[in-house]
Amino acid sequence: MRLYTGNPSGLLKRGPLFLSYCAMTDFERVSALLAAQTWTFAKTMPHNPHEYSVRKNWANDDDFVFVVQYIRDNGYTGQFEGRTYTYLNVDGHFYWTMGASINKADGSPLTIIINRKPLNAQ
C-alpha cells in the first residue's frame, strides 16, 4: 500500500494535523477528498436519486483526476440499466464516473463529474 505524502487541495496547514494527514494511504486520501467536496442532488434523474460533484468546483484538478483514476483502478464493476460502471465504496456511499477518458487528446477535461449514492440505496 502506497502512503500519500502530499496535501491535497491545501486542506491542512503544517502542524500536528498535517503530519498525520501525510501518513494517509491512497484510500484515506480519496476518502478525505470526497468528504471535502460539495455534492448536488441530481434532480433530472428521479428514478435514480443520487448526487454529483463537478470537476471545475474542486480546488485542485490533480485531486479530481487522482480520485477518478483511483475509483477506476480499485473499484468493482456493476450494472445499471444495461451499462457497466466501476464503483467504489467509501464511507457509506458508492461512487462512480461515466467511464469516459479523464481528458481529451488535447488535455482538456472530458470526465467532469463524480457521482455518489448511499450504500443502503442500492
# chains A, B, ... in the order shown; residues from 1 in each chain; ligands from 1
>>> select_by_dssp(residues="region 29-99 of chain A", states="strand (DSSP E)", output="ChimeraX atom specification")
/A:40-41,51-54,76-80,83-90,93-96
>>> select_by_dssp(residues="chain A", states="helix (DSSP H, G or I)", output="PyMOL selection string")
chain A and resi 8-10+16-22+26-35+55-57+61-74+119-121
>>> closest_residue(among="A:Leu119, A:Leu110, A:Ala36, A:Val30", to="Phe94 (chain A)", atoms="only C-alpha atoms")
A:Leu119
>>> residues_around(residues="Leu88 (chain A)", least_positions_apart="6", cutoff="7 Å", atoms="only C-alpha atoms", output="list in words")
Ile71, Gly75, Tyr76, Phe94, Tyr95 and Trp96 of chain A
>>> closest_residue(among="A:Asn57, A:Asn115, A:Asn103, A:Thr44", to="Tyr85 (chain A)", atoms="only C-alpha atoms")
A:Asn115
>>> residues_around(residues="Thr40 (chain A)", least_positions_apart="2", cutoff="12 Å", atoms="only C-alpha atoms", output="PyMOL selection string")
chain A and resi 37-38+42-44+49-54+57+113-117
>>> write_last_selection(atoms="C-alpha atoms", output="mmCIF file, in the first residue's frame")
data_model
loop_
_atom_site.group_PDB
_atom_site.id
_atom_site.type_symbol
_atom_site.label_atom_id
_atom_site.label_comp_id
_atom_site.auth_asym_id
_atom_site.auth_seq_id
_atom_site.Cartn_x
_atom_site.Cartn_y
_atom_site.Cartn_z
ATOM 1 C CA GLN A 37 -16.443 18.268 -1.864
ATOM 2 C CA THR A 38 -19.781 19.925 -2.495
ATOM 3 C CA ALA A 42 -29.263 15.031 -9.489
ATOM 4 C CA LYS A 43 -32.833 16.279 -9.869
ATOM 5 C CA THR A 44 -33.056 15.192 -13.531
ATOM 6 C CA PRO A 49 -31.679 9.501 -6.876
ATOM 7 C CA HIS A 50 -28.011 10.362 -6.383
ATOM 8 C CA GLU A 51 -25.618 13.284 -6.022
ATOM 9 C CA TYR A 52 -22.708 14.513 -8.106
ATOM 10 C CA SER A 53 -19.613 16.667 -7.707
ATOM 11 C CA VAL A 54 -18.358 18.809 -10.601
ATOM 12 C CA ASN A 57 -15.582 23.097 -8.451
ATOM 13 C CA ILE A 113 -18.378 14.608 -12.654
ATOM 14 C CA ILE A 114 -18.142 12.015 -9.914
ATOM 15 C CA ASN A 115 -21.454 10.531 -8.791
ATOM 16 C CA ARG A 116 -22.386 9.079 -5.423
ATOM 17 C CA LYS A 117 -25.283 7.309 -3.786
#
>>> residues_around(residues="Arg72 (chain A)", least_positions_apart="5", cutoff="12 Å", atoms="only C-alpha atoms", output="list of chain:residue names")
A:Val65, A:Phe66, A:Val67, A:Thr77, A:Tyr85, A:Thr86, A:Tyr87, A:Leu88, A:Asn89, A:Tyr95, A:Trp96, A:Thr97, A:Met98, A:Gly99, A:Ala100, A:Ser101, A:Ile102, A:Ile114
